[in-house]
Amino acid sequence: MNATSSLQFCNQLPVIAREAEAATFHRQLFEELRRHSHLTGDPSDAVAVGAVEASFKSCASAIIVLTKSGRSAHLISRYRPRAPIIAVTRNAQTARQAHLYRGIFPVLYTTPAHDVWAEDVDMRVNFAMDMGKARGFFKEGDVVIILTGWRPGSGYTNTMRVVLVP
């Protein structure tokens with residue numbers, strides 16, 4: 001293999017990957033993954049399954065997850081949703097590690113935390129909405145699924161919203 005054919009091969013890889021992704025029956029794959037995964041009492045796992053189910057039912061353009069450790073985004077990725085997962089985090093290591101999971105697009109949010117939890121959540125969600133529109137994940141009027149925690153810290157993700165992009 002010479003340098004020219006190696007370059008052609010490397011240029012063709014993204015085309016092949018996009019074609020393979022388009023040929024996947026995401027809904028059927030989700031049902032099989034859900035059927036074969038063992039039940040846990042973990043609320044985060046239930047929220048992940050619910051988010052993927054809601055993304056299929058509402059034809060969501062993206063799933064936005066506010067995460068500290070990245071675990072919520074990883075759980076969603078396990079069920080292979082059709083929609084991209086936008087993981088908003090303040091932790092650089094969490095953002096780097098998220099690249100290792102299928103369908104997760106990490107966004108590092110560097111603005112300091114707001115004193116009021118609800119306002120901090122709204123600021124991060126708005127940041128993700130702006131970033132998603134700028135990167136072409138969705139446009140005004142599209143449906144997105146938003147997952148947040150009920151309080152600061154890891155392990156508290158239990159809130160799912162289905163919203164229209166403003």
# chains A, B, ... in the order shown; residues from 1 in each chain; ligands from 1
$ residues_around --residues "Ser77 in chain A" --least-positions-apart "6" --cutoff "7 Å" --atoms "only C-alpha atoms" --output "JSON, numbers by chain"
{"A": [101, 102, 103, 104]}
$ residues_around --residues "range 115-126 of chain A" --least-positions-apart "6" --cutoff "12 Å" --atoms "only C-alpha atoms" --output "ChimeraX atom specification"
/A:63-67,86-90,107-109,132-133,144-153,159,161,163,165-166
$ atom_distance --atom1 "CA of Val52 in chain A" --atom2 "CA of His74 in chain A"
12.2 Å
$ closest_residue --among "A:Val15, A:Ala48, A:Val162, A:Ala113" --to "Arg71 in chain A" --atoms "only C-alpha atoms"
A:Ala48
$ select_by_dssp --residues "range 65-150 of chain A" --states "alpha helix (DSSP H)" --output "VMD selection string"
chain A and resid 71 to 78 92 to 98 117 to 134
$ residues_around --residues "Asn91 in chain A" --least-positions-apart "2" --cutoff "8 Å" --atoms "only C-alpha atoms" --output "list in words"
Lys68, Ser69, Thr89, Gln93, Thr94, Ala95 and Leu108 of chain A
$ closest_residue --among "A:Val143, A:Leu164, A:Met131, A:Ala54" --to "Ile76 in chain A" --atoms "only C-alpha atoms"
A:Ala54
$ closest_atom_pairs --of "range 46-123 of chain A" --to "range 134-142 of chain A" --cutoff "8 Å" --atoms "only C-alpha atoms" --output "Markdown table"
| residue | atom | partner | partner_atom | distance |
| --- | --- | --- | --- | --- |
| A:Ala60 | CA | A:Asp142 | CA | 7.0 |
| A:Ser61 | CA | A:Phe138 | CA | 5.7 |
| A:Ala62 | CA | A:Phe137 | CA | 6.8 |
| A:Pro84 | CA | A:Phe137 | CA | 7.6 |
$ select_by_dssp --residues "range 39-77 of chain A" --states "strand (DSSP E or B)" --output "list in words"
Ala62, Ile63, Ile64, Val65 and Leu66 of chain A
$ write_last_selection --atoms "C-alpha atoms" --output "PDB file, in the first residue's frame"
ATOM      1  CA  ALA A  62     -30.680  15.691  20.128  1.00  0.00           C
ATOM      2  CA  ILE A  63     -30.440  14.645  23.756  1.00  0.00           C
ATOM      3  CA  ILE A  64     -28.847  17.259  26.021  1.00  0.00           C
ATOM      4  CA  VAL A  65     -27.391  15.950  29.282  1.00  0.00           C
ATOM      5  CA  LEU A  66     -26.000  18.103  32.080  1.00  0.00           C
TER       6      LEU A  66
END
